[in-house]
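Q: My questions all concern the structure below.
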Amino acid sequence: MSESERASPRRSSGPLRITREEALRYHEEGKPGKIEVVPTKPVSSQYDLALAYSPGVAEPCRAIAADPDAAYRYTAKGNLVAVVTNGSAVLGLGKIGPNAAKPVMEGKGVLFKRFAGIDVFDLEVDCDDPEMFIEIVRSLEPTFGGINLEDIRSPECFRIEEELKRLCSIPVMHDDQHGTAIISGAGLMNGLTLQKKRIEDAQIVILGAGAAALACAKFYLLLGARRENLVLVDREGVVRAGEVDPGDVRAPFATDRSLRTLVEALVGADVLVGLSVAGIVRPEDLARMAPNPLIFALANPDPEIDYGVAVSARPDAIVATGRSDCPNQVNNVLGFPFIFRGALDVGAREINEQMKLAAAHALAALAREPVPDAVTRAYAGTELGFGREYLIPKPLDSRLLTTVAPAVARAAMESGAARKAIGDWRLYEAELLSRVGIGQKLVAGIVNRARKEPKRVVFAEADTYNVLKAAQIVRDQGIAEPVLLGNKDRIRALATDHQIEGLDGCEILDPAREEVMLNEYARVLYEKRQRKGVTFYDARRSMTDRNYFGCAMLVTGRVDALISGMTKEYPKIIRPALQVIGPQRGVRRVAGMYIVNSPRGVFFCADTTVNVSPSAEDLVDIIGLTARTVRYFDVEPVVAVLSYSNFGSTRAEESDRCRDAVQAAKSRYPHLTIDGEMQANIALDAELLAETYPFSELTAKRVNTLIFPNLSAGNIAYKLLHEIGGAEIIGPVLMGMARPVHILQLGSAVREIVNMTALAVVEAQRNGAEGR
């Protein structure tokens with residue numbers, strides 16, 4: 001056994017004979033509800049197989065047979081939602097059938113996972129008969145912890161939902177109805193507050209009589225609106241008492257007022273909620289409304305009246321739409337992931353009215369809170385604060401999960417809908433955050449921040465397909481304005497051959513043919529390197545290399561960032577960057593970091609690209625650079641310095657160097673959480689760390705930043721995580737440079753180049769804000 005193996009404590013695999021407790025523990029561990037939500041189920045031995053399947057699997061089966069609610073403990077039921085449709089009313093496409101509806105259901109599943117960590121099976125049921133549909137879905141209840149009904153036409157959707165709620169003992173919600181009602185209800189409460197009106201006095205006109213419109217009408221009554229103040233308008237005009245059948249779903253909202261048309265209904269109205277079709281409301285119609293009205297034009301993708309037109313017609317109005325490019329977007333993603341999250345976490349038997357009200361009030365209250373800088377940056381510096389253009393939170397606000405889900409869970413407990421109670425709400429918040437991690441939010445946040453203030457980015461290898469395609473994407477998505485380096489004819493031919501459009505007007509430069517710029521940039525390099533053996537002739541020859549040329553464009557301010565490395569080895573890119581641009585003032589040496597987005601969360605790994613064998617002092621510098629960079633992503637670094645030794649278990653030059661670096665870093669960065677030296681498995685297994693080394697400062701934290709002892713270890717580690725572990729890699733992030741230079745991996749994919757470009761733009765934004 002090697003010294004490093006002796007230093008790493010291991011758990012015994014135990015005897016082949018298994019006990020009931022072992023079998024139950026195996027099936028319980030890693031299930032949703034624990035802070036560590038990624039199941040790690042080894043199936044590499046006979047013992048593992050005996051636990052995973054026969055005979056061990058019989059024990060949870062017996063437990064569930066004796067107590068059906070034990071399924072939430074021993075299976076994935078408690079984190080699994082069915083998204084179910086028959087394709088009878090898909091988006092604005094109508095009845096396109098279950099097969100064509102599948103992309104929408106899969107997309108819904110992505111949102112459940114992205115925003116609340118909920119697993120989804122999408123079920124497209126080929127059945128138009130409501131009774132048969134009900135029976136099919138009911139029969140699947142044992143599989144799921146909740147059912148999200150989606151895109152089912154009115155009026156069948158009402159009976160389907162009501163019957164399934166009656167028959168099933170798990171949450172059932174038709175999001176097309178209640179999601180819109182809850183989100184618009186939150187906006188309604190805040191809008192009326194801003195306009196200094198009371199909901200019980202508000203005259204409300206609802207334009208539309210479909211599932212969402214009727215659900216909104218019902219929900220607004222729960223919020224305090226009076227039935228006599230509510231008018232429903234459909235395609236035939238005002239829904240009037242005595243003119244609809246008592247069994248009609250519109251009947252409860254029929255008015256006995258002498259109104260016939262939308263124009264008449266709007267006279268003196270305080271609120272208009274549109275859930276109908278595009279362009280049906282005219283500016284002159286809004287003139288009839290009361291002073292300081294609310295106008296919610298929610299038809300998608302085009303509203304009943306354009307946002308700008310509505311604001312121009314009624315400057316005193318607060319306007320909301322369903323569009324992401326306008327203020328006050330009423331978006332169901334603010335609701336359904338978090339409502340189901342809260343319901344699942346207490347094993348709710350239903351989603352009742354108290355839970356819906358709790359969600360709406362939580363959303364309304366969150367919008368009135370100060371907006372964190374992280375949210376503002378996600379929307380690229382747009383000033384956000386409670387007011388006429390910020391009635392409800394933004395979808396990328398990470399506080400939604402820890403605000404709405406607990407409110408829903410608490411309401412379920414208080415109303416008797418919960419199977420189990422949450423005792424420690426702080427621990428529950430930690431569990432919620434661990435479900436979604438920060439990986440996808442990190443990538444999405446970088447891209448969104450870049451789009452708010454695009455920068456000019458020079459691509460040094462624009463004559464390769466992946467780089468050129470990435471340049472097209474970042475331009476189309478408003479992330480950056482590309483500047484392309486390379487042979488102009490070759491670049492244009494490549495774009496034509498691969499039908500890469502949208503690059504018209506992009507600046508294309510061939511360094512070898514740009515005489516004026518070549519001489520100017522040669523002068524820049526010559527002045528920096530003339531006392532290091534570089535003549536002007538040498539500098540001019542270097543500038544014909546696109547990497548030198550691109551760096552010179554950056555240092556002279558003609559572009560804001562440089563992307564290169566697709567076709568060249570790392571040293572051939574970093575050398576020009578160091579010679580032409582150099583490090584930031586006060587930085588002794590630059591370093592490289594990769595962001596590793598793994599199933600277990602995001603990890604920041606350094607140094608992975610620059611320093612071959614850093615000294616203890618170098619490691620301290622690398623630790624400082626990395627911590628500063630990690631904080632810029634709104635993450636507080638928790639740093640483990642890695643080695644093959646644990647806290648002095650092996651005395652050797654490398655482990656001593658790491659240990660010395662930790663002590664020096666603690667002194668230099670007193671507010672940084674850091675410890676080491678330690679092995680990787682110890683750093684990443686909080687339970688093992690606490691059990692074996694309880695004195696460590698990292699026992700109560702989740703390690704997210706890994707510092708490697710040398711370049712070989714770091715470089716090998718991130719590549720193994722990518723190739724074998726399936727982690728998404730963003731980087732390398734070159735830290736400590738005076739200007740944003742980012743060097744791609746050889747053969748980077750298009751998506752990787754797009755991500756790196758967004759990261760470069762965000763760094764350029766920061767440099768601009770700091771006046772660099």
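Here's how to read the names in the structure tokens: chain A, B, ... by the order shown, residue numbers from 1 in each chain, ligand numbers from 1 in the order shown.
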Determine, counting only C-alpha atoms, which protein, DNA and RNA residues have an atom within 6 Å of an atom of segment 544-557 of chain A; residues of the same chain fewer than 2 positions away are not included. Present the result as a PyMOL selection string.

A: chain A and resi 460+511-512+521+541-542+559-560+576-577+581

Q: Where does DSSP see helix (DSSP H, G or I) in segment 48-134 of chain A, if you list the residues as an MDAnalysis selection string?

A: chainID A and resid 48:52 58:66 68:74 76:79 97:116 130:134

Q: Keeping C-alpha atoms for every residue in the selection just given, could you write it to a file as a CSV table (one decimal), in the first residue's frame?

A:
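Saved result, selection.csv, follows:
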```
chain,number,residue,atom,x,y,z
A,48,ASP,CA,-23.9,-3.5,-4.4
A,49,LEU,CA,-26.2,-5.5,-6.6
A,50,ALA,CA,-27.7,-7.3,-3.6
A,51,LEU,CA,-28.6,-3.9,-2.1
A,52,ALA,CA,-29.8,-2.3,-5.3
A,58,ALA,CA,-37.4,-6.4,-0.9
A,59,GLU,CA,-37.0,-4.4,2.3
A,60,PRO,CA,-38.1,-1.0,1.0
A,61,CYS,CA,-40.9,-2.9,-0.8
A,62,ARG,CA,-42.1,-4.3,2.5
A,63,ALA,CA,-41.8,-0.9,4.2
A,64,ILE,CA,-43.9,0.8,1.5
A,65,ALA,CA,-46.5,-2.0,1.6
A,66,ALA,CA,-46.9,-1.5,5.3
A,68,PRO,CA,-47.6,3.7,1.4
A,69,ASP,CA,-46.2,7.1,2.5
A,70,ALA,CA,-42.8,5.4,2.9
A,71,ALA,CA,-42.5,5.6,-0.9
A,72,TYR,CA,-41.5,9.2,-0.3
A,73,ARG,CA,-38.6,8.0,1.8
A,74,TYR,CA,-37.3,5.1,-0.2
A,76,ALA,CA,-37.7,9.1,-6.1
A,77,LYS,CA,-41.5,9.7,-5.9
A,78,GLY,CA,-41.1,12.8,-3.8
A,79,ASN,CA,-39.1,14.7,-6.5
A,97,GLY,CA,-52.1,16.5,-31.0
A,98,PRO,CA,-50.0,14.8,-28.3
A,99,ASN,CA,-47.0,14.0,-30.6
A,100,ALA,CA,-46.6,17.6,-31.7
A,101,ALA,CA,-47.1,18.8,-28.1
A,102,LYS,CA,-44.1,16.9,-26.8
A,103,PRO,CA,-41.5,19.7,-27.3
A,104,VAL,CA,-43.5,22.0,-25.1
A,105,MET,CA,-43.8,19.3,-22.4
A,106,GLU,CA,-40.1,18.6,-22.5
A,107,GLY,CA,-39.4,22.3,-22.3
A,108,LYS,CA,-41.6,22.5,-19.2
A,109,GLY,CA,-39.5,19.7,-17.7
A,110,VAL,CA,-36.3,21.7,-18.3
A,111,LEU,CA,-37.8,24.6,-16.4
A,112,PHE,CA,-38.9,22.4,-13.5
A,113,LYS,CA,-35.3,21.1,-13.3
A,114,ARG,CA,-33.5,24.4,-13.9
A,115,PHE,CA,-35.4,26.5,-11.4
A,116,ALA,CA,-36.4,24.0,-8.7
A,130,PRO,CA,-62.1,13.5,-20.8
A,131,GLU,CA,-63.3,10.5,-18.8
A,132,MET,CA,-60.8,8.1,-20.3
A,133,PHE,CA,-58.1,10.8,-19.9
A,134,ILE,CA,-58.9,11.1,-16.2
```

Q: From the list A:Thr143, A:Gln584, A:Thr567, A:Gln663, which residue is nearest Pro740 of chain A when using only C-alpha atoms?

A: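 Selected residue with least distance to Pro740 of chain A: A:Gln584.
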
Q: Assign secondary structure with DSSP using the backbone only, and return the residues of segment 104-190 of chain A in strand (DSSP E or B) as an MDAnalysis selection string.

A: chainID A and resid 119:124 146:149 172:174

Q: Which polymer residues have any atom within 7 Å of an atom of Val277 of chain A, counting only C-alpha atoms, with same-chain residues fewer than 5 positions away left out, as a list in words?

A: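 Selected residues are Ala299, Pro303 and Glu304 of chain A.
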
Q: I'd like the neighbourhood of Ala412 of chain A as a ChimeraX atom specification, where a residue qualifies if any of its atoms comes within 9 Å (using only C-alpha atoms), though same-chain residues fewer than 3 positions away should be ignored.

A: /A:342-343,346,348-352,354-355,407-409,415-418

Q: Considering only C-alpha atoms, return as a list in words whatever protein or nucleic-acid residues lie within 10 Å of Glu200 of chain A, sequence-local ones (same chain, fewer than 4 positions apart) excluded.

A: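 What passes the distance filter is Tyr220, Leu221, Leu223, Gly224, Ala225, Arg226, Arg227 and Asn229 of chain A.
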
Q: Hey, which of A:Asp270, A:Glu481, A:Glu369, A:Asp302 ends up closest to Ala758 of chain A? Count only C-alpha atoms.

A: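 Of A:Asp270, A:Glu481, A:Glu369, A:Asp302, the one nearest Ala758 of chain A, counting only C-alpha atoms, is A:Glu481.
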
Q: Would you kindly return, as an mmCIF file with C-alpha atoms, in the first residue's frame, each protein, DNA or RNA residue with an atom no farther than 12 Å from any atom of Val233 of chain A, considering only C-alpha atoms and excluding same-chain residues fewer than 4 positions away?

A:
```
data_model
loop_
_atom_site.group_PDB
_atom_site.id
_atom_site.type_symbol
_atom_site.label_atom_id
_atom_site.label_comp_id
_atom_site.auth_asym_id
_atom_site.auth_seq_id
_atom_site.Cartn_x
_atom_site.Cartn_y
_atom_site.Cartn_z
ATOM 1 C CA ILE A 204 -61.899 44.835 -12.972
ATOM 2 C CA VAL A 205 -62.467 43.884 -16.622
ATOM 3 C CA ILE A 206 -61.178 40.486 -17.772
ATOM 4 C CA LEU A 207 -60.928 40.183 -21.542
ATOM 5 C CA GLY A 208 -61.202 36.507 -22.491
ATOM 6 C CA ALA A 209 -63.166 33.556 -21.149
ATOM 7 C CA GLY A 210 -60.745 30.651 -21.545
ATOM 8 C CA ALA A 213 -59.202 34.059 -17.733
ATOM 9 C CA LEU A 214 -61.718 32.147 -15.625
ATOM 10 C CA ALA A 217 -61.435 35.785 -12.140
ATOM 11 C CA GLY A 237 -69.171 40.747 -25.689
ATOM 12 C CA VAL A 238 -69.868 41.093 -21.984
ATOM 13 C CA VAL A 239 -70.926 37.840 -20.319
ATOM 14 C CA ARG A 240 -74.336 38.763 -18.875
ATOM 15 C CA ARG A 250 -68.692 31.420 -17.374
ATOM 16 C CA PHE A 253 -68.905 35.562 -13.404
ATOM 17 C CA ALA A 254 -71.863 36.805 -15.460
ATOM 18 C CA THR A 255 -72.785 40.393 -14.603
ATOM 19 C CA LEU A 259 -73.031 46.474 -20.317
ATOM 20 C CA ARG A 260 -72.719 44.929 -23.759
ATOM 21 C CA THR A 261 -69.282 45.624 -25.236
ATOM 22 C CA LEU A 262 -65.670 45.908 -24.145
ATOM 23 C CA VAL A 263 -65.786 49.654 -24.816
ATOM 24 C CA GLU A 264 -68.703 50.025 -22.410
ATOM 25 C CA ALA A 265 -67.106 47.772 -19.821
ATOM 26 C CA LEU A 266 -63.907 49.853 -19.794
ATOM 27 C CA LEU A 272 -57.948 45.518 -17.554
ATOM 28 C CA VAL A 273 -56.596 41.958 -17.708
ATOM 29 C CA GLY A 274 -56.301 40.677 -21.268
ATOM 30 C CA LEU A 275 -56.133 36.943 -21.877
ATOM 31 C CA SER A 276 -57.451 36.843 -25.416
ATOM 32 C CA ILE A 280 -57.926 43.643 -29.875
#
```

Q: So, with only C-alpha atoms as the atoms that count, which of A:Val733, A:Cys506, A:Val137, A:Ala495 lies closest to Asp607 of chain A?

A: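 For Asp607 of chain A, the nearest of the candidates is A:Val733.
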
Q: Rank nothing, just name the residue among A:Glu163, A:Glu429, A:Glu141, A:Glu150 nearest to Pro406 of chain A, using only C-alpha atoms.

A: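 Ranking A:Glu163, A:Glu429, A:Glu141, A:Glu150 by distance to Pro406 of chain A, first place goes to A:Glu429.
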
Q: Which residue is closest to Arg702 of chain A? Choose from A:Val638, A:Ile136, A:Val662, A:Val590 and count only C-alpha atoms.

A: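 That would be A:Val638, the residue with the smallest distance to Arg702 of chain A.
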